[in-house]
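Note: the block below is query.cif and it holds mmCIF, C-alpha atoms.
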```cif
data_entry
#
loop_
_atom_site.label_atom_id
_atom_site.label_comp_id
_atom_site.auth_asym_id
_atom_site.auth_seq_id
_atom_site.Cartn_x
_atom_site.Cartn_y
_atom_site.Cartn_z
CA MET I 1 106.01 -101.33 84.25
CA THR I 2 107.54 -104.31 85.90
CA THR I 3 111.03 -103.69 84.57
CA GLU I 4 113.77 -104.87 86.89
CA PHE I 5 117.21 -103.44 87.54
CA ARG I 6 119.84 -105.27 89.56
CA LEU I 7 122.91 -103.39 90.76
CA ALA I 8 126.17 -105.26 91.04
CA ALA I 9 128.34 -103.80 93.81
CA GLY I 10 130.41 -100.95 92.45
CA ALA I 11 129.62 -101.86 88.88
CA ALA I 12 127.44 -100.55 86.11
CA PRO I 13 123.82 -101.68 86.36
CA THR I 14 123.20 -105.16 85.01
CA ARG I 15 119.79 -105.39 83.47
CA VAL I 16 117.79 -108.55 83.82
CA GLY I 17 114.32 -109.77 82.91
CA PRO I 18 112.16 -107.57 80.72
CA VAL I 19 114.84 -104.90 80.30
CA ALA I 20 117.32 -107.44 78.97
CA ASP I 21 114.55 -108.61 76.65
CA PHE I 22 114.04 -105.07 75.48
CA GLU I 23 117.75 -104.59 74.90
CA GLY I 24 117.79 -107.71 72.78
CA PHE I 25 114.85 -106.43 70.75
CA PHE I 26 116.61 -103.09 70.35
CA ALA I 27 119.84 -104.80 69.24
CA ARG I 28 117.95 -106.83 66.64
CA GLU I 29 115.76 -104.12 65.20
CA SER I 30 117.23 -100.67 65.75
CA ALA I 31 119.83 -100.55 62.96
CA THR I 32 117.41 -101.79 60.31
CA LEU I 33 114.71 -99.40 61.46
CA PHE I 34 117.21 -96.54 61.49
CA ARG I 35 118.42 -97.30 57.97
CA ARG I 36 114.91 -97.50 56.61
CA LEU I 37 113.96 -94.26 58.27
CA TRP I 38 117.09 -92.68 56.87
CA LEU I 39 115.91 -93.62 53.40
CA VAL I 40 112.66 -91.82 54.16
CA THR I 41 113.94 -88.76 56.01
CA ARG I 42 117.27 -88.41 54.15
CA ASP I 43 118.50 -86.92 57.41
CA ARG I 44 120.58 -88.93 59.85
CA GLU I 45 119.64 -86.96 62.97
CA GLU I 46 116.00 -86.94 62.09
CA ALA I 47 116.07 -90.72 61.54
CA GLU I 48 117.83 -91.27 64.89
CA ASP I 49 115.34 -89.05 66.69
CA VAL I 50 112.44 -91.00 65.27
CA VAL I 51 114.07 -94.33 66.19
CA GLN I 52 114.65 -93.01 69.70
CA GLU I 53 111.06 -91.81 70.00
CA ALA I 54 109.69 -95.12 68.75
CA PHE I 55 111.80 -97.22 71.10
CA ILE I 56 110.86 -95.03 74.07
CA VAL I 57 107.20 -95.73 73.31
CA VAL I 58 107.94 -99.43 72.96
CA LEU I 59 109.93 -99.44 76.21
CA GLU I 60 107.06 -97.74 78.04
CA ARG I 61 104.71 -100.46 76.83
CA TRP I 62 107.23 -103.29 76.76
CA ASP I 63 105.26 -105.55 79.07
CA ARG I 64 102.49 -105.53 76.50
CA VAL I 65 104.54 -105.25 73.31
CA ARG I 66 106.63 -108.34 74.16
CA SER I 67 103.41 -110.36 74.35
CA MET I 68 102.25 -109.25 70.91
CA ASP I 69 102.36 -111.66 68.00
CA ASP I 70 104.15 -109.08 65.86
CA PRO I 71 106.18 -106.65 68.00
CA VAL I 72 108.27 -105.63 65.01
CA GLY I 73 105.18 -104.59 63.08
CA TYR I 74 104.10 -102.58 66.09
CA LEU I 75 107.54 -100.92 66.26
CA TYR I 76 107.31 -99.86 62.61
CA ARG I 77 103.79 -98.53 63.06
CA VAL I 78 104.87 -96.48 66.06
CA ALA I 79 107.99 -95.25 64.27
CA PHE I 80 106.29 -94.20 61.06
CA ASN I 81 103.48 -92.59 63.00
CA ALA I 82 106.08 -90.63 64.98
CA TRP I 83 107.83 -89.67 61.74
CA ARG I 84 104.53 -88.53 60.25
CA LYS I 85 103.79 -86.34 63.27
CA ARG I 86 107.30 -84.89 63.33
CA ALA I 87 107.43 -84.25 59.60
CA GLY I 88 105.10 -81.26 59.78
CA ARG I 89 106.93 -79.74 62.74
CA VAL I 90 110.34 -80.29 61.18
CA ALA I 91 109.23 -78.73 57.90
CA ARG I 92 107.93 -75.68 59.73
CA ALA I 93 111.11 -75.39 61.81
CA ARG I 94 113.28 -75.68 58.71
CA GLU I 95 111.22 -73.04 57.01
CA ARG I 96 111.86 -70.69 59.94
CA LEU I 97 115.56 -71.52 59.91
CA ARG I 98 115.74 -70.86 56.20
CA LEU I 99 114.39 -67.41 56.85
CA GLU I 100 116.77 -66.70 59.71
CA VAL I 101 120.03 -68.45 58.79
CA ALA I 102 121.89 -68.78 55.52
CA PRO I 103 122.40 -72.43 54.57
CA ALA I 104 125.82 -73.71 55.64
CA SER I 105 126.09 -76.20 52.82
CA ASP I 106 124.05 -77.22 49.85
CA ASP I 107 124.49 -80.85 50.78
CA ALA I 108 123.13 -82.18 54.04
CA LEU I 109 124.51 -85.62 53.22
CA ALA I 110 128.19 -84.89 53.35
CA GLY I 111 131.17 -87.26 53.65
CA ALA I 112 130.30 -90.94 53.80
CA GLU I 113 126.69 -90.08 53.09
CA ALA I 114 127.45 -88.28 49.85
CA ARG I 115 124.70 -88.68 47.33
CA THR I 116 124.55 -91.77 45.18
CA VAL I 117 122.43 -92.20 42.10
CA ILE I 118 119.76 -93.98 44.12
CA GLY I 119 120.06 -91.42 46.91
CA SER I 120 119.43 -88.60 44.47
CA ALA I 121 116.54 -90.50 42.99
CA LEU I 122 115.05 -90.96 46.45
CA GLU I 123 115.43 -87.28 47.24
CA ALA I 124 113.47 -86.42 44.11
CA LEU I 125 110.45 -88.20 45.63
CA THR I 126 108.13 -86.64 48.19
CA PRO I 127 108.59 -87.83 51.79
CA ARG I 128 105.26 -89.67 51.62
CA GLN I 129 106.27 -91.45 48.42
CA ARG I 130 109.52 -92.51 50.07
CA ALA I 131 107.66 -93.74 53.16
CA ALA I 132 105.16 -95.73 51.09
CA LEU I 133 107.98 -97.21 49.02
CA VAL I 134 110.10 -98.18 52.02
CA LEU I 135 107.19 -99.70 53.95
CA THR I 136 105.92 -101.76 51.05
CA GLU I 137 109.20 -102.66 49.30
CA LEU I 138 111.61 -103.04 52.21
CA VAL I 139 109.55 -103.65 55.32
CA GLY I 140 107.21 -105.90 53.36
CA MET I 141 104.00 -104.38 54.64
CA SER I 142 100.79 -104.73 52.68
CA SER I 143 99.28 -101.46 51.52
CA GLU I 144 96.67 -101.84 54.28
CA GLU I 145 99.37 -102.21 56.94
CA ALA I 146 101.36 -99.29 55.54
CA ALA I 147 98.17 -97.23 55.42
CA SER I 148 97.64 -97.89 59.10
CA ALA I 149 101.20 -96.73 59.89
CA LEU I 150 100.92 -93.61 57.76
CA LYS I 151 97.31 -92.83 58.70
CA VAL I 152 96.16 -92.68 55.11
CA ARG I 153 93.94 -94.90 53.02
CA ALA I 154 95.34 -98.09 51.50
CA VAL I 155 94.61 -96.82 48.02
CA THR I 156 96.73 -93.75 48.79
CA VAL I 157 99.64 -95.97 49.76
CA ARG I 158 99.29 -97.93 46.53
CA VAL I 159 99.29 -94.73 44.51
CA LEU I 160 102.23 -93.22 46.40
CA ALA I 161 104.29 -96.41 46.16
CA SER I 162 103.49 -96.82 42.50
CA GLN I 163 104.45 -93.21 41.74
CA GLY I 164 107.63 -93.66 43.77
CA ARG I 165 108.57 -96.87 41.96
CA ALA I 166 107.95 -95.34 38.56
CA ALA I 167 110.03 -92.25 39.36
CA MET I 168 112.86 -94.36 40.78
CA ARG I 169 112.90 -96.65 37.75
CA ALA I 170 112.98 -93.67 35.43
CA ARG I 171 116.07 -92.36 37.23
CA ILE I 172 118.01 -95.51 38.04
CA GLY I 173 116.72 -97.96 35.49
CA GLY I 174 115.04 -101.26 36.25
CA PRO I 175 112.70 -103.87 34.85
CA ASP I 176 110.20 -101.44 33.34
CA ALA I 177 112.37 -98.37 32.93
CA MET L 1 104.41 -107.04 43.39
CA PRO L 2 107.82 -106.41 44.96
CA ASP L 3 110.44 -104.99 42.62
CA LEU L 4 113.53 -107.04 43.56
CA HIS L 5 115.91 -104.84 41.61
CA LEU L 6 114.64 -101.71 43.33
CA ARG L 7 114.52 -103.41 46.71
CA ASP L 8 118.15 -104.52 46.40
CA ARG L 9 119.23 -101.03 45.41
CA LEU L 10 117.36 -99.52 48.34
CA GLU L 11 118.79 -102.06 50.79
CA HIS L 12 122.26 -101.37 49.46
CA GLU L 13 121.74 -97.63 49.84
CA ALA L 14 120.48 -98.09 53.41
CA GLU L 15 123.55 -100.15 54.34
CA ARG L 16 125.66 -97.03 53.95
CA VAL L 17 124.68 -95.64 57.33
CA ASP L 18 124.78 -96.94 60.88
CA PRO L 19 122.98 -95.55 63.90
CA SER L 20 124.94 -93.88 66.66
CA PRO L 21 126.23 -96.34 69.28
CA GLU L 22 124.71 -94.09 71.95
CA LEU L 23 121.20 -94.63 70.67
CA LEU L 24 120.22 -97.22 73.29
CA SER L 25 121.38 -95.02 76.16
CA ARG L 26 119.46 -92.13 74.59
CA VAL L 27 116.34 -94.30 74.63
CA PHE L 28 116.76 -95.13 78.32
CA ALA L 29 117.54 -91.49 79.14
CA GLY L 30 114.47 -90.30 77.22
CA HIS L 31 112.36 -92.90 78.99
CA ARG L 32 113.58 -91.68 82.40
CA ARG L 33 112.89 -88.05 81.45
CA ARG L 34 109.32 -88.95 80.52
CA GLN L 35 108.80 -90.79 83.78
CA VAL L 36 110.06 -87.76 85.74
CA ARG L 37 107.84 -85.41 83.72
CA ARG L 38 104.83 -87.63 84.43
CA ARG L 39 105.59 -87.73 88.15
CA VAL L 40 105.95 -83.95 88.21
CA ALA L 41 102.67 -83.60 86.30
CA ALA L 42 100.92 -86.01 88.68
CA PHE L 43 102.30 -84.11 91.66
CA ALA L 44 101.21 -80.79 90.16
CA ALA L 45 97.74 -82.19 89.46
CA ALA L 46 97.48 -83.53 93.01
CA ALA L 47 98.62 -80.18 94.36
CA ALA L 48 96.06 -78.39 92.19
CA VAL L 49 93.30 -80.65 93.48
CA THR L 50 94.41 -80.07 97.06
CA VAL L 51 94.33 -76.31 96.53
CA ALA L 52 90.94 -76.57 94.85
CA VAL L 53 89.56 -78.60 97.75
CA ILE L 54 90.92 -76.10 100.27
CA VAL L 55 89.42 -73.20 98.31
CA TRP L 56 86.11 -75.01 98.02
CA LEU L 57 86.04 -75.89 101.73
CA SER L 58 86.90 -72.36 102.77
CA GLY L 59 84.14 -71.08 100.49
CA ALA L 60 81.71 -73.52 102.09
CA PHE L 61 82.68 -72.50 105.62
CA LEU L 62 82.57 -68.80 104.81
CA GLY L 63 79.15 -69.14 103.21
CA SER L 64 80.46 -68.06 99.83
CA SER L 65 78.18 -68.54 96.88
CA GLY L 66 81.22 -69.58 94.87
CA ARG L 67 80.34 -73.27 95.21
CA ASP L 68 77.15 -72.71 93.26
CA ARG L 69 79.06 -71.56 90.23
CA PRO L 70 79.83 -74.26 87.71
CA ALA L 71 83.47 -75.32 87.43
CA THR L 72 85.15 -73.82 84.39
CA VAL L 73 87.94 -75.30 82.32
CA PRO L 74 90.16 -72.87 80.43
CA GLY L 75 88.95 -72.88 76.85
CA GLY L 76 86.01 -75.12 77.83
CA ASP L 77 85.85 -78.89 77.85
CA PRO L 78 85.87 -80.04 74.22
CA LEU L 79 84.73 -83.53 75.21
CA ARG L 80 81.68 -82.52 77.21
CA GLY L 81 78.55 -84.15 75.80
CA THR L 82 77.47 -87.55 74.57
CA TRP L 83 79.16 -89.35 71.69
CA SER L 84 78.30 -92.63 70.01
CA ALA L 85 79.98 -95.03 67.63
CA VAL L 86 78.64 -98.15 65.99
CA ILE L 87 81.24 -100.90 65.95
CA THR L 88 81.10 -103.98 63.78
CA PRO L 89 83.39 -107.02 64.11
CA GLU L 90 85.16 -105.97 60.91
CA LEU L 91 85.91 -102.47 62.25
CA ALA L 92 87.06 -103.88 65.58
CA GLU L 93 89.32 -106.39 63.88
CA ARG L 94 90.88 -103.67 61.73
CA ALA L 95 91.47 -101.44 64.78
CA GLY L 96 93.10 -104.27 66.72
CA ARG L 97 95.44 -105.12 63.88
CA ALA L 98 96.24 -101.47 63.20
CA ALA L 99 97.27 -101.12 66.86
CA GLY L 100 99.78 -103.91 66.45
CA PHE L 101 98.07 -106.82 68.13
CA GLY L 102 98.43 -110.23 66.56
CA ASP L 103 95.75 -111.97 64.53
CA ALA L 104 95.01 -114.53 67.25
CA GLN L 105 94.83 -111.93 70.01
CA VAL L 106 92.51 -109.75 67.95
CA ALA L 107 90.33 -112.69 66.95
CA ARG L 108 89.84 -113.69 70.61
CA ALA L 109 89.03 -110.12 71.66
CA VAL L 110 86.57 -109.62 68.81
CA GLU L 111 84.89 -112.90 69.62
CA ARG L 112 84.43 -111.81 73.25
CA MET L 113 83.27 -108.33 72.31
CA PHE L 114 80.62 -109.59 69.92
CA ALA L 115 79.71 -112.79 71.74
CA GLU L 116 76.14 -111.63 72.18
CA GLY L 117 75.67 -110.24 68.71
CA SER L 118 76.59 -107.27 66.61
CA PRO L 119 76.86 -104.44 65.89
CA VAL L 120 77.68 -102.82 69.22
CA THR L 121 76.85 -99.17 69.81
CA VAL L 122 79.29 -97.60 72.24
CA THR L 123 78.23 -94.36 73.91
CA LEU L 124 80.56 -92.09 75.85
CA SER L 125 79.13 -89.49 78.14
CA PHE L 126 81.58 -86.83 79.32
CA ASP L 127 80.14 -84.55 81.95
CA ALA L 128 82.09 -82.35 84.34
CA GLY L 129 84.87 -84.81 84.97
CA GLU L 130 82.68 -87.92 84.94
CA LEU L 131 82.96 -90.38 82.09
CA ALA L 132 80.30 -93.04 81.57
CA LEU L 133 80.63 -95.69 78.90
CA THR L 134 77.59 -97.69 77.87
CA SER L 135 77.15 -100.26 75.16
CA ARG L 136 74.14 -101.54 73.32
CA ILE L 137 74.00 -104.70 71.24
CA GLY L 138 71.80 -104.37 68.18
CA ALA L 139 68.49 -102.86 69.27
CA SER L 140 68.72 -104.07 72.87
CA GLU L 141 68.79 -101.78 75.88
CA ALA L 142 72.06 -100.01 76.66
CA SER L 143 74.02 -101.27 79.63
CA SER L 144 76.76 -99.60 81.62
CA THR L 145 80.21 -100.85 80.66
CA TRP L 146 82.53 -98.56 82.56
CA GLY L 147 82.34 -95.44 84.67
CA GLY L 148 84.98 -93.23 86.17
CA ARG L 149 86.57 -89.84 86.12
CA TYR L 150 88.38 -88.08 83.31
CA GLN L 151 90.49 -85.00 82.95
CA VAL L 152 91.44 -83.10 79.81
CA VAL L 153 95.20 -82.64 80.00
CA ASP L 154 95.75 -80.54 76.91
CA ALA L 155 94.25 -79.83 73.50
CA ASP L 156 94.54 -83.42 72.38
CA THR L 157 95.01 -85.58 75.47
CA PHE L 158 92.77 -86.74 78.26
CA VAL L 159 93.30 -89.18 81.10
CA ALA L 160 90.74 -91.38 82.79
CA GLY L 161 90.43 -93.91 85.53
CA ASP L 162 87.99 -95.44 87.93
CA ASN L 163 88.85 -94.98 91.55
CA TRP L 164 90.28 -98.36 92.57
CA GLY L 165 90.55 -96.77 95.99
CA LEU L 166 93.18 -94.46 94.54
CA PRO L 167 93.24 -90.67 94.49
CA ILE L 168 94.07 -88.69 91.34
CA ALA L 169 96.92 -91.05 90.50
CA GLY L 170 94.15 -93.48 89.56
CA TYR L 171 94.08 -91.96 86.07
CA TYR L 172 95.62 -95.08 84.61
CA LEU L 173 94.34 -94.51 81.09
CA GLU L 174 95.64 -91.89 78.68
CA TYR L 175 94.09 -91.12 75.32
CA ALA L 176 94.79 -88.81 72.40
CA PHE L 177 91.65 -87.24 71.00
CA ALA L 178 90.60 -84.96 68.16
CA VAL L 179 87.28 -83.22 67.76
CA ASP L 180 86.31 -82.23 64.24
CA GLY L 181 82.84 -80.72 64.25
CA ASP L 182 80.57 -83.46 65.52
CA ALA L 183 83.17 -86.19 65.08
CA LEU L 184 85.45 -87.38 67.84
CA THR L 185 88.37 -89.74 67.28
CA ILE L 186 90.17 -91.32 70.20
CA ASP L 187 93.41 -93.28 70.35
CA LEU L 188 94.63 -95.15 73.39
CA ILE L 189 98.10 -93.98 74.41
CA ARG L 190 98.63 -95.68 77.75
CA ASP L 191 96.79 -98.26 79.77
CA ASP L 192 98.32 -98.93 83.17
CA TYR L 193 95.39 -100.94 84.42
CA PRO L 194 96.45 -102.06 87.88
CA THR L 195 96.82 -105.80 87.50
CA PRO L 196 99.83 -108.00 88.13
CA SER L 197 98.94 -110.26 85.23
CA ASP L 198 100.48 -109.53 81.81
CA ARG L 199 97.81 -111.60 80.15
CA GLU L 200 95.00 -109.65 81.76
CA LEU L 201 96.71 -106.39 80.91
CA VAL L 202 96.99 -107.35 77.25
CA GLY L 203 93.32 -108.31 77.25
CA GLU L 204 92.42 -104.99 78.86
CA THR L 205 94.53 -103.04 76.36
CA ILE L 206 92.99 -104.81 73.37
CA ALA L 207 89.49 -104.22 74.76
CA GLN L 208 90.27 -100.52 75.24
CA THR L 209 91.68 -100.30 71.72
CA LEU L 210 88.69 -101.95 70.11
CA THR L 211 86.25 -99.82 72.09
CA TYR L 212 87.83 -96.47 71.35
CA GLU L 213 89.68 -96.86 68.06
CA SER L 214 87.34 -98.95 65.92
CA ALA L 215 85.22 -96.07 64.64
CA PRO L 216 84.93 -92.31 65.09
CA PHE L 217 82.32 -91.17 67.59
CA THR L 218 79.53 -88.81 66.59
CA ARG L 219 78.12 -86.20 68.94
CA THR L 220 74.55 -87.01 69.93
CA SER L 221 74.11 -84.28 72.51
#
```

What do you get writing this file as structure tokens?
Amino acid sequence: MTTEFRLAAGAAPTRVGPVADFEGFFARESATLFRRLWLVTRDREEAEDVVQEAFIVVLERWDRVRSMDDPVGYLYRVAFNAWRKRAGRVARARERLRLEVAPASDDALAGAEARTVIGSALEALTPRQRAALVLTELVGMSSEEAASALKVRAVTVRVLASQGRAAMRARIGGPDA
Amino acid sequence: MPDLHLRDRLEHEAERVDPSPELLSRVFAGHRRRQVRRRVAAFAAAAAVTVAVIVWLSGAFLGSSGRDRPATVPGGDPLRGTWSAVITPELAERAGRAAGFGDAQVARAVERMFAEGSPVTVTLSFDAGELALTSRIGASEASSTWGGRYQVVDADTFVAGDNWGLPIAGYYLEYAFAVDGDALTIDLIRDDYPTPSDRELVGETIAQTLTYESAPFTRTS
């Protein structure tokens, strides 16, 4: 890495060059990525962890990522790949916790994140259906691009997204509901 | 076909949450932790090599027959053997795009890779810490493309590097791998090819990606 740090006397570090570039990229993309991952994970901490993991990978490779034609696409591929890898571990950990600890609340989305109609509809989908839906509907990826991020075949993405759309429409209404 | 009604509802739902303001500092902190872990791992690996060399030398001086025994890796070396993959321009293009490179970058790399014809058969030979990469265009004779050392780090990671006059720290490449029967898939994780030029580094990274990620390798021996 050729990242540069410049220390002002007695002050907090002032980042210049590639690091400032990275911070700008983070400022532009992190909130949107977080929100989209929250739609998929339905768990704020999980979504933040995935965003953190993805941006660490991007930071490690920033010299190369900043030269890419589509760094945002790369960020989403890294993030959804990280989510996919974590999903299995998180499910197993939750399963263990369920066995060891009584649930504190029946609603993980308390307070400001209380369930809405669309939130409930999303939670009725499988995580993979939510991911396919978010990548194709919100991120605007083609099914081939989403397939690459989720490490499945494009036809699988089309099926998952179509199932997700149909289930959402049935619950919240819409053009074909 | 995008469903605008659904998209609006999803966007609206997503707007209800904001990430923690500490997220950027968490990213930098996580990045620093990884760098420290890597340095510790590199130091431990260097220390292990030093100890191994000392043990080997003392065995040699004491006339031990230990040096005649083959080196053993705990659990064996899952990569040991020869693996081949046939890469077409279409597969290479798909791999480059899937890795996040832009259309123009991928097009240039594919053009270079297949300048002399296609398909290209890439063969990897892993043998006791030595990795040899050869490529063959169509039915022509195979030629050596790269050679260096490799080390299996854990069940799904290996590192590699040619010497560049460097000791063990010369493992500038890191890959994730998975062996499923006779099939081997490899993904490039890190390429710290020692060059001061960003452009050259991008070219190197794309070339690595196309070589390793375009198609699964099949065990040939």

Sort by chain and increasing residue number a table of all residues of chain I within 7 Å of chain L, each with its closest pair of atoms and their distance in Å to one decimal, counting only C-alpha atoms, and write it as CSV.
```
residue,atom,partner,partner_atom,distance
I:Ala31,CA,L:Pro19,CA,6.0
I:Phe34,CA,L:Pro19,CA,6.3
I:Arg35,CA,L:Ala14,CA,5.1
I:Arg36,CA,L:Ala14,CA,6.5
I:Leu39,CA,L:Ala14,CA,6.4
I:Glu48,CA,L:Pro19,CA,6.8
I:Gln52,CA,L:Val27,CA,5.4
I:Phe55,CA,L:Val27,CA,6.4
I:Ile56,CA,L:Val27,CA,5.6
I:Asp63,CA,L:Asp198,CA,6.8
I:Arg64,CA,L:Val202,CA,5.8
I:Met68,CA,L:Phe101,CA,5.6
I:Asp69,CA,L:Gly102,CA,4.4
I:Asp70,CA,L:Gly102,CA,5.9
I:Gly73,CA,L:Gly100,CA,6.4
I:Tyr74,CA,L:Gly100,CA,4.5
I:Glu137,CA,L:Pro2,CA,5.9
I:Leu138,CA,L:Arg7,CA,6.2
I:Ser148,CA,L:Ala98,CA,5.6
I:Gly174,CA,L:His5,CA,6.5
```

#### Entry: Neighbours of point (99.6, -94.0, 47.4) within 10 Å, using all atoms listed in the file, written as a PyMOL selection string
chain I and resi 128-129+131-133+143+146-147+152-164

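Between Val179 (chain L) and the residues L:Leu79, L:Val153, L:Val86, L:Ala115, the shortest atom-to-atom distance, using all atoms listed in the file, involves L:Leu79.
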
## Note on the structure
note - CA of Thr220 (chain L) and CA of Ala128 (chain L) are separated by 16.9 Å

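Environment of (74.7, -97.3, 79.5): residues at most 8 Å away, judged by only C-alpha atoms, are Thr123, Ala132, Leu133, Thr134, Ser135, Arg136, Ala142, Ser143, Ser144 and Thr145 of chain L.
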
### Query
Which of these residues is nearest to Leu75 (chain I), using only C-alpha atoms: I:Val134, I:Ala121, I:Ala166, I:Val57?
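Among I:Val134, I:Ala121, I:Ala166, I:Val57, it is I:Val57 that comes nearest to Leu75 (chain I).
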
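CA of Gly129 (chain L) is found 10.5 Å from CA of Phe158 (chain L).
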
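The two atoms in question, CA of Ala42 (chain L) and CA of Asp162 (chain L), are spaced 16.0 Å apart.
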
#### Entry: Residue neighbourhood region 211-215 of chain L, 12 Å, all atoms listed in the file, exclusion window fewer than 5 positions, as a ChimeraX atom specification
/L:83-99,109-110,113-114,119-124,133-135,145-146,173-178,183-189,204-206

Would you mind exporting the chosen residues as a short mmCIF file (atom, residue, chain, number, x, y, z; two decimals), in the coordinates of the input, restricted to C-alpha atoms?
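Produced file result38.cif, reproduced below:
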```
data_model
loop_
_atom_site.label_atom_id
_atom_site.label_comp_id
_atom_site.auth_asym_id
_atom_site.auth_seq_id
_atom_site.Cartn_x
_atom_site.Cartn_y
_atom_site.Cartn_z
CA TRP L 83 79.16 -89.35 71.69
CA SER L 84 78.30 -92.63 70.01
CA ALA L 85 79.98 -95.03 67.63
CA VAL L 86 78.64 -98.15 65.99
CA ILE L 87 81.24 -100.90 65.95
CA THR L 88 81.10 -103.98 63.78
CA PRO L 89 83.39 -107.02 64.11
CA GLU L 90 85.16 -105.97 60.91
CA LEU L 91 85.91 -102.47 62.25
CA ALA L 92 87.06 -103.88 65.58
CA GLU L 93 89.32 -106.39 63.88
CA ARG L 94 90.88 -103.67 61.73
CA ALA L 95 91.47 -101.44 64.78
CA GLY L 96 93.10 -104.27 66.72
CA ARG L 97 95.44 -105.12 63.88
CA ALA L 98 96.24 -101.47 63.20
CA ALA L 99 97.27 -101.12 66.86
CA ALA L 109 89.03 -110.12 71.66
CA VAL L 110 86.57 -109.62 68.81
CA MET L 113 83.27 -108.33 72.31
CA PHE L 114 80.62 -109.59 69.92
CA PRO L 119 76.86 -104.44 65.89
CA VAL L 120 77.68 -102.82 69.22
CA THR L 121 76.85 -99.17 69.81
CA VAL L 122 79.29 -97.60 72.24
CA THR L 123 78.23 -94.36 73.91
CA LEU L 124 80.56 -92.09 75.85
CA LEU L 133 80.63 -95.69 78.90
CA THR L 134 77.59 -97.69 77.87
CA SER L 135 77.15 -100.26 75.16
CA THR L 145 80.21 -100.85 80.66
CA TRP L 146 82.53 -98.56 82.56
CA LEU L 173 94.34 -94.51 81.09
CA GLU L 174 95.64 -91.89 78.68
CA TYR L 175 94.09 -91.12 75.32
CA ALA L 176 94.79 -88.81 72.40
CA PHE L 177 91.65 -87.24 71.00
CA ALA L 178 90.60 -84.96 68.16
CA ALA L 183 83.17 -86.19 65.08
CA LEU L 184 85.45 -87.38 67.84
CA THR L 185 88.37 -89.74 67.28
CA ILE L 186 90.17 -91.32 70.20
CA ASP L 187 93.41 -93.28 70.35
CA LEU L 188 94.63 -95.15 73.39
CA ILE L 189 98.10 -93.98 74.41
CA GLU L 204 92.42 -104.99 78.86
CA THR L 205 94.53 -103.04 76.36
CA ILE L 206 92.99 -104.81 73.37
#
```

### Selection dump of the PyMOL selection byres ((chain I and resi 46) around 12), as an MDAnalysis selection string
(chainID I and resid 34:45 47:53 79 82:84 86:87 89:91 108) or (chainID L and resid 19)

Residues from last step as file, C-alpha atoms, as a short mmCIF file (atom, residue, chain, number, x, y, z; two decimals), in the coordinates of the input:
```
data_model
loop_
_atom_site.label_atom_id
_atom_site.label_comp_id
_atom_site.auth_asym_id
_atom_site.auth_seq_id
_atom_site.Cartn_x
_atom_site.Cartn_y
_atom_site.Cartn_z
CA PHE I 34 117.21 -96.54 61.49
CA ARG I 35 118.42 -97.30 57.97
CA ARG I 36 114.91 -97.50 56.61
CA LEU I 37 113.96 -94.26 58.27
CA TRP I 38 117.09 -92.68 56.87
CA LEU I 39 115.91 -93.62 53.40
CA VAL I 40 112.66 -91.82 54.16
CA THR I 41 113.94 -88.76 56.01
CA ARG I 42 117.27 -88.41 54.15
CA ASP I 43 118.50 -86.92 57.41
CA ARG I 44 120.58 -88.93 59.85
CA GLU I 45 119.64 -86.96 62.97
CA ALA I 47 116.07 -90.72 61.54
CA GLU I 48 117.83 -91.27 64.89
CA ASP I 49 115.34 -89.05 66.69
CA VAL I 50 112.44 -91.00 65.27
CA VAL I 51 114.07 -94.33 66.19
CA GLN I 52 114.65 -93.01 69.70
CA GLU I 53 111.06 -91.81 70.00
CA ALA I 79 107.99 -95.25 64.27
CA ALA I 82 106.08 -90.63 64.98
CA TRP I 83 107.83 -89.67 61.74
CA ARG I 84 104.53 -88.53 60.25
CA ARG I 86 107.30 -84.89 63.33
CA ALA I 87 107.43 -84.25 59.60
CA ARG I 89 106.93 -79.74 62.74
CA VAL I 90 110.34 -80.29 61.18
CA ALA I 91 109.23 -78.73 57.90
CA ALA I 108 123.13 -82.18 54.04
CA PRO L 19 122.98 -95.55 63.90
#
```

### Task
Would you mind listing what lies within 9 Å of Tyr76 (chain I) as a PyMOL selection string, with only C-alpha atoms counted and same-chain residues fewer than 3 positions away left out?
chain I and resi 33+54+71-73+79-81+135+139+149

### Task
Would you please work out which residue, of L:Phe217, L:Gln208, L:Tyr172, L:Gly181, is nearest to Arg38 (chain L) when using all atoms listed in the file?
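Ranked by minimum distance to Arg38 (chain L), first place goes to L:Tyr172.
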